[in-house]
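Visitor: This is data_1.cif (mmCIF, N, CA and C atoms).
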```
data_protein
#
loop_
_atom_site.label_atom_id
_atom_site.label_comp_id
_atom_site.auth_asym_id
_atom_site.auth_seq_id
_atom_site.Cartn_x
_atom_site.Cartn_y
_atom_site.Cartn_z
N MET Q 1 -0.22 245.64 25.54
CA MET Q 1 -1.66 245.45 25.60
C MET Q 1 -2.09 245.44 27.07
N HIS Q 2 -3.14 246.15 27.35
CA HIS Q 2 -3.71 246.19 28.69
C HIS Q 2 -4.55 244.94 28.91
N HIS Q 3 -4.33 244.25 30.02
CA HIS Q 3 -5.12 243.06 30.34
C HIS Q 3 -6.07 243.38 31.47
N ALA Q 4 -7.32 243.45 31.14
CA ALA Q 4 -8.34 243.78 32.13
C ALA Q 4 -8.53 242.61 33.08
N ALA Q 5 -9.01 242.93 34.24
CA ALA Q 5 -9.27 241.93 35.28
C ALA Q 5 -10.43 241.04 34.87
N PRO Q 6 -10.45 239.82 35.41
CA PRO Q 6 -11.60 238.95 35.13
C PRO Q 6 -12.86 239.53 35.76
N PRO Q 7 -14.01 239.01 35.37
CA PRO Q 7 -15.26 239.54 35.91
C PRO Q 7 -15.38 239.28 37.41
N PRO Q 8 -16.13 240.10 38.09
CA PRO Q 8 -16.38 239.85 39.51
C PRO Q 8 -17.09 238.51 39.70
N ARG Q 9 -16.95 237.94 40.86
CA ARG Q 9 -17.54 236.65 41.17
C ARG Q 9 -19.06 236.65 40.95
N THR Q 10 -19.71 237.72 41.35
CA THR Q 10 -21.17 237.81 41.18
C THR Q 10 -21.55 237.73 39.71
N ALA Q 11 -20.81 238.43 38.86
CA ALA Q 11 -21.10 238.39 37.42
C ALA Q 11 -20.91 236.98 36.88
N SER Q 12 -19.88 236.29 37.33
CA SER Q 12 -19.64 234.92 36.87
C SER Q 12 -20.78 234.00 37.29
N TRP Q 13 -21.19 234.09 38.55
CA TRP Q 13 -22.29 233.24 39.03
C TRP Q 13 -23.57 233.53 38.26
N LEU Q 14 -23.85 234.80 38.03
CA LEU Q 14 -25.06 235.15 37.29
C LEU Q 14 -24.99 234.68 35.84
N ALA Q 15 -23.82 234.77 35.23
CA ALA Q 15 -23.66 234.30 33.85
C ALA Q 15 -23.90 232.80 33.78
N TYR Q 16 -23.34 232.05 34.72
CA TYR Q 16 -23.56 230.60 34.72
C TYR Q 16 -25.01 230.27 35.04
N ALA Q 17 -25.64 231.05 35.91
CA ALA Q 17 -27.06 230.84 36.19
C ALA Q 17 -27.89 231.08 34.93
N GLY Q 18 -27.44 232.00 34.09
CA GLY Q 18 -28.12 232.26 32.83
C GLY Q 18 -28.08 231.09 31.87
N LEU Q 19 -27.18 230.14 32.12
CA LEU Q 19 -27.13 228.93 31.30
C LEU Q 19 -28.21 227.92 31.67
N LEU Q 20 -28.77 228.05 32.87
CA LEU Q 20 -29.76 227.07 33.33
C LEU Q 20 -30.94 226.88 32.37
N PRO Q 21 -31.55 227.95 31.85
CA PRO Q 21 -32.64 227.72 30.89
C PRO Q 21 -32.19 226.99 29.62
N PHE Q 22 -30.96 227.23 29.20
CA PHE Q 22 -30.44 226.50 28.03
C PHE Q 22 -30.31 225.01 28.34
N VAL Q 23 -29.69 224.70 29.47
CA VAL Q 23 -29.48 223.30 29.85
C VAL Q 23 -30.82 222.61 30.09
N LEU Q 24 -31.69 223.25 30.85
CA LEU Q 24 -33.00 222.67 31.14
C LEU Q 24 -33.81 222.49 29.85
N GLY Q 25 -33.77 223.49 28.99
CA GLY Q 25 -34.51 223.41 27.73
C GLY Q 25 -34.03 222.27 26.84
N ALA Q 26 -32.71 222.12 26.72
CA ALA Q 26 -32.18 221.03 25.89
C ALA Q 26 -32.51 219.67 26.49
N LEU Q 27 -32.37 219.57 27.80
CA LEU Q 27 -32.68 218.31 28.47
C LEU Q 27 -34.15 217.95 28.31
N LEU Q 28 -35.03 218.91 28.56
CA LEU Q 28 -36.47 218.65 28.43
C LEU Q 28 -36.87 218.38 26.99
N ALA Q 29 -36.21 219.03 26.03
CA ALA Q 29 -36.53 218.79 24.63
C ALA Q 29 -36.34 217.31 24.29
N TRP Q 30 -35.30 216.72 24.85
CA TRP Q 30 -35.06 215.29 24.59
C TRP Q 30 -35.99 214.41 25.41
N LEU Q 31 -36.22 214.77 26.67
CA LEU Q 31 -37.06 213.92 27.53
C LEU Q 31 -38.52 213.99 27.13
N ILE Q 32 -39.02 215.19 26.90
CA ILE Q 32 -40.44 215.36 26.57
C ILE Q 32 -40.70 214.99 25.12
N GLY Q 33 -39.70 215.09 24.28
CA GLY Q 33 -39.86 214.78 22.86
C GLY Q 33 -40.26 213.35 22.60
N ARG Q 34 -40.07 212.49 23.58
CA ARG Q 34 -40.40 211.08 23.42
C ARG Q 34 -41.86 210.78 23.78
N ALA Q 35 -42.55 211.77 24.33
CA ALA Q 35 -43.94 211.56 24.76
C ALA Q 35 -44.89 211.56 23.56
N ASP Q 36 -46.07 211.00 23.78
CA ASP Q 36 -47.08 210.97 22.72
C ASP Q 36 -47.68 212.35 22.46
N ASP Q 37 -47.82 213.16 23.50
CA ASP Q 37 -48.38 214.50 23.37
C ASP Q 37 -47.25 215.47 23.04
N LEU Q 38 -47.28 216.06 21.85
CA LEU Q 38 -46.19 216.94 21.42
C LEU Q 38 -46.34 218.38 21.91
N ALA Q 39 -47.47 218.73 22.51
CA ALA Q 39 -47.67 220.11 22.97
C ALA Q 39 -46.62 220.53 24.00
N PRO Q 40 -46.30 219.71 25.00
CA PRO Q 40 -45.25 220.12 25.95
C PRO Q 40 -43.88 220.29 25.27
N HIS Q 41 -43.60 219.43 24.32
CA HIS Q 41 -42.33 219.54 23.60
C HIS Q 41 -42.27 220.86 22.82
N ALA Q 42 -43.35 221.20 22.15
CA ALA Q 42 -43.40 222.45 21.40
C ALA Q 42 -43.24 223.64 22.34
N PHE Q 43 -43.85 223.58 23.51
CA PHE Q 43 -43.71 224.65 24.49
C PHE Q 43 -42.25 224.81 24.91
N VAL Q 44 -41.58 223.71 25.20
CA VAL Q 44 -40.18 223.76 25.67
C VAL Q 44 -39.26 224.34 24.61
N VAL Q 45 -39.35 223.84 23.37
CA VAL Q 45 -38.43 224.34 22.35
C VAL Q 45 -38.75 225.78 21.96
N ASP Q 46 -40.02 226.16 22.04
CA ASP Q 46 -40.38 227.56 21.78
C ASP Q 46 -39.82 228.46 22.89
N ALA Q 47 -39.95 228.01 24.13
CA ALA Q 47 -39.41 228.80 25.25
C ALA Q 47 -37.89 228.93 25.12
N LEU Q 48 -37.23 227.86 24.75
CA LEU Q 48 -35.78 227.91 24.58
C LEU Q 48 -35.40 228.85 23.44
N SER Q 49 -36.14 228.81 22.35
CA SER Q 49 -35.88 229.72 21.22
C SER Q 49 -36.02 231.18 21.64
N ARG Q 50 -37.07 231.45 22.38
CA ARG Q 50 -37.30 232.84 22.82
C ARG Q 50 -36.20 233.29 23.79
N TYR Q 51 -35.81 232.41 24.69
CA TYR Q 51 -34.73 232.76 25.62
C TYR Q 51 -33.42 232.97 24.87
N GLY Q 52 -33.14 232.10 23.91
CA GLY Q 52 -31.93 232.26 23.12
C GLY Q 52 -31.91 233.59 22.38
N ALA Q 53 -33.04 234.00 21.84
CA ALA Q 53 -33.13 235.29 21.14
C ALA Q 53 -32.88 236.45 22.10
N VAL Q 54 -33.42 236.33 23.30
CA VAL Q 54 -33.19 237.38 24.31
C VAL Q 54 -31.70 237.48 24.64
N ILE Q 55 -31.05 236.35 24.80
CA ILE Q 55 -29.63 236.36 25.17
C ILE Q 55 -28.77 236.90 24.04
N VAL Q 56 -29.05 236.49 22.80
CA VAL Q 56 -28.29 237.06 21.67
C VAL Q 56 -28.46 238.58 21.65
N SER Q 57 -29.68 239.05 21.83
CA SER Q 57 -29.94 240.50 21.84
C SER Q 57 -29.24 241.18 23.01
N PHE Q 58 -29.25 240.53 24.15
CA PHE Q 58 -28.60 241.07 25.35
C PHE Q 58 -27.10 241.24 25.10
N MET Q 59 -26.48 240.22 24.55
CA MET Q 59 -25.04 240.29 24.30
C MET Q 59 -24.72 241.32 23.20
N ALA Q 60 -25.57 241.40 22.19
CA ALA Q 60 -25.37 242.36 21.11
C ALA Q 60 -25.51 243.79 21.62
N ALA Q 61 -26.35 243.99 22.63
CA ALA Q 61 -26.57 245.33 23.17
C ALA Q 61 -25.29 245.94 23.75
N LEU Q 62 -24.35 245.10 24.13
CA LEU Q 62 -23.07 245.62 24.62
C LEU Q 62 -22.39 246.46 23.53
N HIS Q 63 -22.56 246.06 22.28
CA HIS Q 63 -21.95 246.80 21.17
C HIS Q 63 -22.63 248.16 20.99
N TRP Q 64 -23.92 248.20 21.22
CA TRP Q 64 -24.64 249.49 21.17
C TRP Q 64 -24.12 250.40 22.28
N GLY Q 65 -24.03 249.85 23.49
CA GLY Q 65 -23.54 250.65 24.62
C GLY Q 65 -22.13 251.14 24.40
N ALA Q 66 -21.28 250.29 23.86
CA ALA Q 66 -19.90 250.71 23.60
C ALA Q 66 -19.85 251.81 22.55
N ALA Q 67 -20.70 251.70 21.53
CA ALA Q 67 -20.73 252.74 20.50
C ALA Q 67 -21.21 254.07 21.09
N MET Q 68 -22.11 254.00 22.06
CA MET Q 68 -22.57 255.23 22.73
C MET Q 68 -21.45 255.85 23.55
N LEU Q 69 -20.70 255.01 24.26
CA LEU Q 69 -19.69 255.50 25.19
C LEU Q 69 -18.35 255.82 24.52
N GLN Q 70 -18.11 255.20 23.36
CA GLN Q 70 -16.84 255.42 22.66
C GLN Q 70 -17.12 255.78 21.20
N PRO Q 71 -17.65 256.97 20.96
CA PRO Q 71 -18.04 257.35 19.60
C PRO Q 71 -16.88 257.36 18.61
N ALA Q 72 -15.66 257.46 19.10
CA ALA Q 72 -14.49 257.47 18.21
C ALA Q 72 -14.34 256.14 17.47
N GLN Q 73 -14.93 255.07 18.00
CA GLN Q 73 -14.85 253.77 17.34
C GLN Q 73 -15.84 253.64 16.19
N GLY Q 74 -16.64 254.65 15.99
CA GLY Q 74 -17.57 254.65 14.87
C GLY Q 74 -18.94 254.11 15.23
N GLU Q 75 -19.79 254.07 14.21
CA GLU Q 75 -21.17 253.67 14.39
C GLU Q 75 -21.41 252.19 14.14
N ALA Q 76 -20.38 251.43 13.85
CA ALA Q 76 -20.54 250.01 13.51
C ALA Q 76 -21.18 249.23 14.66
N GLY Q 77 -20.93 249.64 15.90
CA GLY Q 77 -21.51 248.95 17.04
C GLY Q 77 -23.03 249.01 17.04
N PHE Q 78 -23.58 250.13 16.59
CA PHE Q 78 -25.03 250.25 16.49
C PHE Q 78 -25.57 249.23 15.48
N TRP Q 79 -24.89 249.14 14.34
CA TRP Q 79 -25.30 248.21 13.29
C TRP Q 79 -25.18 246.77 13.75
N ARG Q 80 -24.08 246.43 14.43
CA ARG Q 80 -23.90 245.06 14.92
C ARG Q 80 -25.02 244.69 15.88
N ALA Q 81 -25.33 245.60 16.80
CA ALA Q 81 -26.35 245.31 17.81
C ALA Q 81 -27.71 245.07 17.19
N VAL Q 82 -28.11 245.94 16.30
CA VAL Q 82 -29.44 245.83 15.70
C VAL Q 82 -29.51 244.62 14.77
N THR Q 83 -28.47 244.38 14.00
CA THR Q 83 -28.46 243.24 13.08
C THR Q 83 -28.59 241.93 13.85
N MET Q 84 -27.83 241.78 14.91
CA MET Q 84 -27.90 240.54 15.70
C MET Q 84 -29.28 240.38 16.35
N ALA Q 85 -29.84 241.47 16.87
CA ALA Q 85 -31.16 241.39 17.49
C ALA Q 85 -32.22 241.00 16.46
N LEU Q 86 -32.15 241.56 15.26
CA LEU Q 86 -33.12 241.22 14.23
C LEU Q 86 -32.98 239.77 13.78
N LEU Q 87 -31.75 239.30 13.63
CA LEU Q 87 -31.53 237.90 13.26
C LEU Q 87 -32.02 236.96 14.36
N ALA Q 88 -31.82 237.34 15.61
CA ALA Q 88 -32.32 236.52 16.72
C ALA Q 88 -33.84 236.47 16.72
N TRP Q 89 -34.47 237.58 16.42
CA TRP Q 89 -35.93 237.63 16.33
C TRP Q 89 -36.43 236.70 15.23
N VAL Q 90 -35.76 236.74 14.07
CA VAL Q 90 -36.13 235.85 12.97
C VAL Q 90 -35.97 234.39 13.40
N ALA Q 91 -34.89 234.09 14.09
CA ALA Q 91 -34.65 232.72 14.57
C ALA Q 91 -35.77 232.27 15.51
N ALA Q 92 -36.22 233.17 16.36
CA ALA Q 92 -37.29 232.83 17.31
C ALA Q 92 -38.62 232.58 16.60
N LEU Q 93 -38.80 233.15 15.42
CA LEU Q 93 -40.03 232.95 14.65
C LEU Q 93 -40.00 231.69 13.81
N MET Q 94 -38.82 231.16 13.58
CA MET Q 94 -38.67 229.97 12.73
C MET Q 94 -39.09 228.71 13.48
N PRO Q 95 -39.38 227.63 12.75
CA PRO Q 95 -39.59 226.35 13.43
C PRO Q 95 -38.35 226.01 14.26
N ALA Q 96 -38.55 225.37 15.39
CA ALA Q 96 -37.45 225.15 16.34
C ALA Q 96 -36.28 224.40 15.74
N TYR Q 97 -36.54 223.42 14.88
CA TYR Q 97 -35.44 222.64 14.33
C TYR Q 97 -34.45 223.51 13.55
N ALA Q 98 -34.92 224.62 12.97
CA ALA Q 98 -34.06 225.53 12.24
C ALA Q 98 -33.68 226.75 13.08
N GLY Q 99 -34.64 227.29 13.81
CA GLY Q 99 -34.38 228.49 14.60
C GLY Q 99 -33.34 228.27 15.69
N LEU Q 100 -33.39 227.12 16.34
CA LEU Q 100 -32.39 226.84 17.38
C LEU Q 100 -31.00 226.69 16.80
N VAL Q 101 -30.90 226.15 15.61
CA VAL Q 101 -29.59 226.07 14.94
C VAL Q 101 -29.09 227.48 14.64
N LEU Q 102 -29.97 228.32 14.10
CA LEU Q 102 -29.57 229.70 13.81
C LEU Q 102 -29.15 230.42 15.09
N LEU Q 103 -29.89 230.23 16.18
CA LEU Q 103 -29.51 230.86 17.44
C LEU Q 103 -28.16 230.38 17.93
N GLY Q 104 -27.88 229.09 17.80
CA GLY Q 104 -26.57 228.57 18.17
C GLY Q 104 -25.47 229.22 17.35
N VAL Q 105 -25.72 229.37 16.06
CA VAL Q 105 -24.73 230.03 15.19
C VAL Q 105 -24.58 231.50 15.58
N LEU Q 106 -25.68 232.18 15.85
CA LEU Q 106 -25.61 233.60 16.25
C LEU Q 106 -24.84 233.77 17.56
N LEU Q 107 -25.03 232.86 18.49
CA LEU Q 107 -24.26 232.93 19.73
C LEU Q 107 -22.76 232.83 19.45
N LEU Q 108 -22.39 231.93 18.55
CA LEU Q 108 -20.97 231.78 18.20
C LEU Q 108 -20.45 233.00 17.44
N VAL Q 109 -21.25 233.53 16.53
CA VAL Q 109 -20.85 234.73 15.80
C VAL Q 109 -20.69 235.90 16.78
N GLN Q 110 -21.64 236.03 17.71
CA GLN Q 110 -21.55 237.11 18.69
C GLN Q 110 -20.27 236.98 19.52
N TYR Q 111 -19.92 235.76 19.90
CA TYR Q 111 -18.67 235.57 20.63
C TYR Q 111 -17.47 236.02 19.77
N GLY Q 112 -17.49 235.67 18.49
CA GLY Q 112 -16.42 236.11 17.60
C GLY Q 112 -16.30 237.62 17.54
N LEU Q 113 -17.45 238.29 17.47
CA LEU Q 113 -17.44 239.77 17.48
C LEU Q 113 -16.90 240.29 18.82
N ASP Q 114 -17.34 239.67 19.90
CA ASP Q 114 -16.90 240.11 21.21
C ASP Q 114 -15.40 239.87 21.39
N ARG Q 115 -14.91 238.76 20.88
CA ARG Q 115 -13.48 238.45 21.00
C ARG Q 115 -12.64 239.53 20.32
N ARG Q 116 -13.17 240.08 19.24
CA ARG Q 116 -12.45 241.14 18.53
C ARG Q 116 -12.60 242.49 19.24
N HIS Q 117 -13.74 242.72 19.90
CA HIS Q 117 -14.01 244.05 20.45
C HIS Q 117 -13.72 244.20 21.94
N TYR Q 118 -13.80 243.14 22.72
CA TYR Q 118 -13.54 243.27 24.15
C TYR Q 118 -12.18 243.89 24.44
N PRO Q 119 -11.11 243.51 23.72
CA PRO Q 119 -9.82 244.18 23.99
C PRO Q 119 -9.88 245.69 23.75
N LEU Q 120 -10.65 246.12 22.76
CA LEU Q 120 -10.79 247.56 22.52
C LEU Q 120 -11.49 248.25 23.69
N TRP Q 121 -12.34 247.49 24.38
CA TRP Q 121 -13.09 248.03 25.51
C TRP Q 121 -12.37 247.75 26.83
N GLN Q 122 -11.16 247.21 26.75
CA GLN Q 122 -10.37 246.82 27.92
C GLN Q 122 -11.16 245.84 28.80
N SER Q 123 -11.82 244.90 28.15
CA SER Q 123 -12.64 243.91 28.85
C SER Q 123 -12.23 242.49 28.49
N GLU Q 124 -11.01 242.31 28.00
CA GLU Q 124 -10.60 240.97 27.57
C GLU Q 124 -10.57 239.96 28.71
N GLY Q 125 -10.55 240.43 29.95
CA GLY Q 125 -10.61 239.53 31.10
C GLY Q 125 -11.92 238.77 31.20
N TRP Q 126 -12.92 239.23 30.48
CA TRP Q 126 -14.24 238.58 30.47
C TRP Q 126 -14.34 237.48 29.41
N LEU Q 127 -13.37 237.35 28.54
CA LEU Q 127 -13.49 236.45 27.40
C LEU Q 127 -13.56 234.97 27.78
N THR Q 128 -12.89 234.56 28.84
CA THR Q 128 -12.98 233.16 29.26
C THR Q 128 -14.41 232.82 29.68
N LEU Q 129 -15.00 233.68 30.48
CA LEU Q 129 -16.39 233.48 30.89
C LEU Q 129 -17.31 233.49 29.67
N ARG Q 130 -17.09 234.44 28.76
CA ARG Q 130 -17.91 234.53 27.55
C ARG Q 130 -17.80 233.27 26.72
N PHE Q 131 -16.58 232.74 26.59
CA PHE Q 131 -16.37 231.52 25.81
C PHE Q 131 -17.13 230.35 26.43
N ARG Q 132 -16.99 230.18 27.72
CA ARG Q 132 -17.66 229.05 28.39
C ARG Q 132 -19.17 229.14 28.26
N CYS Q 133 -19.71 230.32 28.51
CA CYS Q 133 -21.16 230.49 28.43
C CYS Q 133 -21.65 230.34 26.99
N THR Q 134 -20.90 230.88 26.05
CA THR Q 134 -21.29 230.77 24.64
C THR Q 134 -21.28 229.31 24.20
N LEU Q 135 -20.23 228.60 24.54
CA LEU Q 135 -20.13 227.20 24.16
C LEU Q 135 -21.28 226.39 24.75
N GLY Q 136 -21.58 226.60 26.02
CA GLY Q 136 -22.68 225.88 26.66
C GLY Q 136 -24.02 226.21 26.04
N ALA Q 137 -24.27 227.51 25.82
CA ALA Q 137 -25.56 227.93 25.26
C ALA Q 137 -25.73 227.43 23.83
N ALA Q 138 -24.70 227.58 23.01
CA ALA Q 138 -24.80 227.14 21.63
C ALA Q 138 -24.98 225.63 21.55
N LEU Q 139 -24.23 224.90 22.34
CA LEU Q 139 -24.35 223.44 22.34
C LEU Q 139 -25.78 223.03 22.73
N CYS Q 140 -26.33 223.67 23.72
CA CYS Q 140 -27.71 223.36 24.13
C CYS Q 140 -28.70 223.66 23.01
N CYS Q 141 -28.50 224.76 22.29
CA CYS Q 141 -29.39 225.07 21.15
C CYS Q 141 -29.29 223.98 20.09
N PHE Q 142 -28.07 223.57 19.77
CA PHE Q 142 -27.88 222.52 18.75
C PHE Q 142 -28.49 221.20 19.21
N LEU Q 143 -28.30 220.85 20.48
CA LEU Q 143 -28.85 219.60 20.99
C LEU Q 143 -30.37 219.63 20.99
N ALA Q 144 -30.96 220.73 21.40
CA ALA Q 144 -32.42 220.85 21.41
C ALA Q 144 -32.97 220.80 19.99
N ALA Q 145 -32.26 221.42 19.05
CA ALA Q 145 -32.69 221.35 17.65
C ALA Q 145 -32.70 219.90 17.18
N GLY Q 146 -31.74 219.13 17.64
CA GLY Q 146 -31.68 217.72 17.26
C GLY Q 146 -32.82 216.89 17.84
N ALA Q 147 -33.46 217.40 18.87
CA ALA Q 147 -34.57 216.69 19.50
C ALA Q 147 -35.91 217.02 18.85
N THR Q 148 -35.91 217.97 17.91
CA THR Q 148 -37.18 218.36 17.29
C THR Q 148 -37.45 217.57 16.02
#
```
Kindly present the structure from the file in structure tokens form.

Guide:
Amino acid sequence: MHHAAPPPRTASWLAYAGLLPFVLGALLAWLIGRADDLAPHAFVVDALSRYGAVIVSFMAALHWGAAMLQPAQGEAGFWRAVTMALLAWVAALMPAYAGLVLLGVLLLVQYGLDRRHYPLWQSEGWLTLRFRCTLGAALCCFLAAGAT
């Protein structure tokens, strides 16, 4: 088995920076959720839901790109990408207490798909970073859902 190199340092820093909206959103969902005015809380959990949907779609798009570049692997990558994006969109439309849970699950499912496909793309060196970011993002979605 070919073991691809880990991601470049810049990619790692940017991936971890991408966790900031998840962490901030979960933290604010709990802090603002205690206030009498629920409008700021609704804004925070809605923003987190929308960001989560963007990230699920972003990660799913890798499967579309791989299907374009490696047609011998079949068209399943196109289906995976679109299905995940549509499910993320539905999650973003749901009330936050349910949508954030769905987004957390989608992030974990996407990681499972990536874990199976990254070796085919000779990108298994990225899996540690993907696992850490997925775990952090999903946990933040679940925690924020608990604050709603």

Visitor: Quick one: contact table of range 6-101 of chain Q to range 141-148 of chain Q, 6 Å max, nearest atom pair and distance in Å to one decimal per residue, counting all atoms listed in the file, chain and number order, as JSON lines?

Guide:
```
{"residue": "Q:Gly25", "atom": "C", "partner": "Q:Ala144", "partner_atom": "CA", "distance": 5.8}
{"residue": "Q:Ala26", "atom": "CA", "partner": "Q:Ala144", "partner_atom": "CA", "distance": 4.5}
{"residue": "Q:Ala29", "atom": "C", "partner": "Q:Ala147", "partner_atom": "CA", "distance": 5.1}
{"residue": "Q:Trp30", "atom": "CA", "partner": "Q:Ala147", "partner_atom": "CA", "distance": 5.3}
{"residue": "Q:Ala96", "atom": "C", "partner": "Q:Ala145", "partner_atom": "CA", "distance": 5.1}
{"residue": "Q:Tyr97", "atom": "CA", "partner": "Q:Ala145", "partner_atom": "CA", "distance": 4.5}
{"residue": "Q:Leu100", "atom": "C", "partner": "Q:Cys141", "partner_atom": "C", "distance": 4.6}
{"residue": "Q:Val101", "atom": "N", "partner": "Q:Cys141", "partner_atom": "C", "distance": 5.2}
```

Visitor: Hey, what's within 10 Å of Ser123 in chain Q if we count only C-alpha atoms and toss same-chain stuff fewer than 4 positions away? As a list in words, please?

Guide: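 Near Ser123 in chain Q, the qualifying residues are His2, His3, Ala4, Ala5, Pro6, Pro7, Asp114, Arg115, His117, Tyr118, Pro119 and Leu127 of chain Q.
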
Visitor: Work out how far CA of Arg80 in chain Q is from atom C of Trp64 in chain Q, in Å to one decimal.

Guide: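 So the two atoms, atom C of Trp64 in chain Q and CA of Arg80 in chain Q, lie 9.1 Å apart.
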
Visitor: Any chance you could resolve the PyMOL selection byres (((chain Q and resi 49-60 and name CA) around 6) and name CA) against this file and give the residues as a PDB file with N, CA and C atoms, in the frame of the given file?

Guide:
```
ATOM      1  N   ASP Q  46     -40.020 226.160  22.040  1.00  0.00           N
ATOM      2  CA  ASP Q  46     -40.380 227.560  21.780  1.00  0.00           C
ATOM      3  C   ASP Q  46     -39.820 228.460  22.890  1.00  0.00           C
ATOM      4  N   ALA Q  47     -39.950 228.010  24.130  1.00  0.00           N
ATOM      5  CA  ALA Q  47     -39.410 228.800  25.250  1.00  0.00           C
ATOM      6  C   ALA Q  47     -37.890 228.930  25.120  1.00  0.00           C
ATOM      7  N   LEU Q  48     -37.230 227.860  24.750  1.00  0.00           N
ATOM      8  CA  LEU Q  48     -35.780 227.910  24.580  1.00  0.00           C
ATOM      9  C   LEU Q  48     -35.400 228.850  23.440  1.00  0.00           C
ATOM     10  N   ALA Q  61     -26.350 243.990  22.630  1.00  0.00           N
ATOM     11  CA  ALA Q  61     -26.570 245.330  23.170  1.00  0.00           C
ATOM     12  C   ALA Q  61     -25.290 245.940  23.750  1.00  0.00           C
ATOM     13  N   LEU Q  62     -24.350 245.100  24.130  1.00  0.00           N
ATOM     14  CA  LEU Q  62     -23.070 245.620  24.620  1.00  0.00           C
ATOM     15  C   LEU Q  62     -22.390 246.460  23.530  1.00  0.00           C
ATOM     16  N   HIS Q  63     -22.560 246.060  22.280  1.00  0.00           N
ATOM     17  CA  HIS Q  63     -21.950 246.800  21.170  1.00  0.00           C
ATOM     18  C   HIS Q  63     -22.630 248.160  20.990  1.00  0.00           C
ATOM     19  N   ALA Q  81     -25.330 245.600  16.800  1.00  0.00           N
ATOM     20  CA  ALA Q  81     -26.350 245.310  17.810  1.00  0.00           C
ATOM     21  C   ALA Q  81     -27.710 245.070  17.190  1.00  0.00           C
ATOM     22  N   ALA Q  85     -29.840 241.470  16.870  1.00  0.00           N
ATOM     23  CA  ALA Q  85     -31.160 241.390  17.490  1.00  0.00           C
ATOM     24  C   ALA Q  85     -32.220 241.000  16.460  1.00  0.00           C
ATOM     25  N   ALA Q  88     -31.820 237.340  15.610  1.00  0.00           N
ATOM     26  CA  ALA Q  88     -32.320 236.520  16.720  1.00  0.00           C
ATOM     27  C   ALA Q  88     -33.840 236.470  16.720  1.00  0.00           C
ATOM     28  N   ALA Q  92     -36.220 233.170  16.360  1.00  0.00           N
ATOM     29  CA  ALA Q  92     -37.290 232.830  17.310  1.00  0.00           C
ATOM     30  C   ALA Q  92     -38.620 232.580  16.600  1.00  0.00           C
ATOM     31  N   LEU Q 100     -33.390 227.120  16.340  1.00  0.00           N
ATOM     32  CA  LEU Q 100     -32.390 226.840  17.380  1.00  0.00           C
ATOM     33  C   LEU Q 100     -31.000 226.690  16.800  1.00  0.00           C
TER      34      LEU Q 100
END
```

Visitor: Between atom C of Met84 in chain Q and CA of Leu103 in chain Q, what is the spacing in Å?

Guide: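 Atom-to-atom, CA of Leu103 in chain Q to atom C of Met84 in chain Q, that is 9.6 Å.
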
Visitor: If you measure from atom N of Leu139 in chain Q to atom C of Gly104 in chain Q, what distance in Å do you get, rounded to one decimal?

Guide: 6.7 Å

Visitor: Evaluate the PyMOL selection byres (((chain Q and resi 41 and name CA) around 9) and name CA) on the structure here and hand back the selected residues as a compact mmCIF listing (two decimals) with N, CA and C atoms, in the coordinates of the input.

Guide:
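So the final result, stored in expr-v6.txt, reads:
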```
# COMPACT_ATOMS: atom_id res chain seq x y z
N LEU Q 28 -35.03 218.91 28.56
CA LEU Q 28 -36.47 218.65 28.43
C LEU Q 28 -36.87 218.38 26.99
N ALA Q 29 -36.21 219.03 26.03
CA ALA Q 29 -36.53 218.79 24.63
C ALA Q 29 -36.34 217.31 24.29
N TRP Q 30 -35.30 216.72 24.85
CA TRP Q 30 -35.06 215.29 24.59
C TRP Q 30 -35.99 214.41 25.41
N LEU Q 31 -36.22 214.77 26.67
CA LEU Q 31 -37.06 213.92 27.53
C LEU Q 31 -38.52 213.99 27.13
N ILE Q 32 -39.02 215.19 26.90
CA ILE Q 32 -40.44 215.36 26.57
C ILE Q 32 -40.70 214.99 25.12
N GLY Q 33 -39.70 215.09 24.28
CA GLY Q 33 -39.86 214.78 22.86
C GLY Q 33 -40.26 213.35 22.60
N ARG Q 34 -40.07 212.49 23.58
CA ARG Q 34 -40.40 211.08 23.42
C ARG Q 34 -41.86 210.78 23.78
N ALA Q 35 -42.55 211.77 24.33
CA ALA Q 35 -43.94 211.56 24.76
C ALA Q 35 -44.89 211.56 23.56
N ASP Q 37 -47.82 213.16 23.50
CA ASP Q 37 -48.38 214.50 23.37
C ASP Q 37 -47.25 215.47 23.04
N LEU Q 38 -47.28 216.06 21.85
CA LEU Q 38 -46.19 216.94 21.42
C LEU Q 38 -46.34 218.38 21.91
N ALA Q 39 -47.47 218.73 22.51
CA ALA Q 39 -47.67 220.11 22.97
C ALA Q 39 -46.62 220.53 24.00
N PRO Q 40 -46.30 219.71 25.00
CA PRO Q 40 -45.25 220.12 25.95
C PRO Q 40 -43.88 220.29 25.27
N ALA Q 42 -43.35 221.20 22.15
CA ALA Q 42 -43.40 222.45 21.40
C ALA Q 42 -43.24 223.64 22.34
N PHE Q 43 -43.85 223.58 23.51
CA PHE Q 43 -43.71 224.65 24.49
C PHE Q 43 -42.25 224.81 24.91
N VAL Q 44 -41.58 223.71 25.20
CA VAL Q 44 -40.18 223.76 25.67
C VAL Q 44 -39.26 224.34 24.61
N VAL Q 45 -39.35 223.84 23.37
CA VAL Q 45 -38.43 224.34 22.35
C VAL Q 45 -38.75 225.78 21.96
N ASP Q 46 -40.02 226.16 22.04
CA ASP Q 46 -40.38 227.56 21.78
C ASP Q 46 -39.82 228.46 22.89
N THR Q 148 -35.91 217.97 17.91
CA THR Q 148 -37.18 218.36 17.29
C THR Q 148 -37.45 217.57 16.02
```

Visitor: Select from chain Q everything DSSP, run on the backbone, classes as alpha helix (DSSP H), then give the selection as a VMD selection string.

Guide: chain Q and resid 9 to 17 20 to 32 39 to 69 76 to 93 96 to 117 127 to 146

Visitor: Out of Q:Leu87, Q:Val23, Q:Thr128, Q:Thr10, which residue has the shortest atom-to-atom distance to Leu106 in chain Q when counting all atoms listed in the file?

Guide: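 Nearest candidate to Leu106 in chain Q out of Q:Leu87, Q:Val23, Q:Thr128, Q:Thr10: Q:Leu87.
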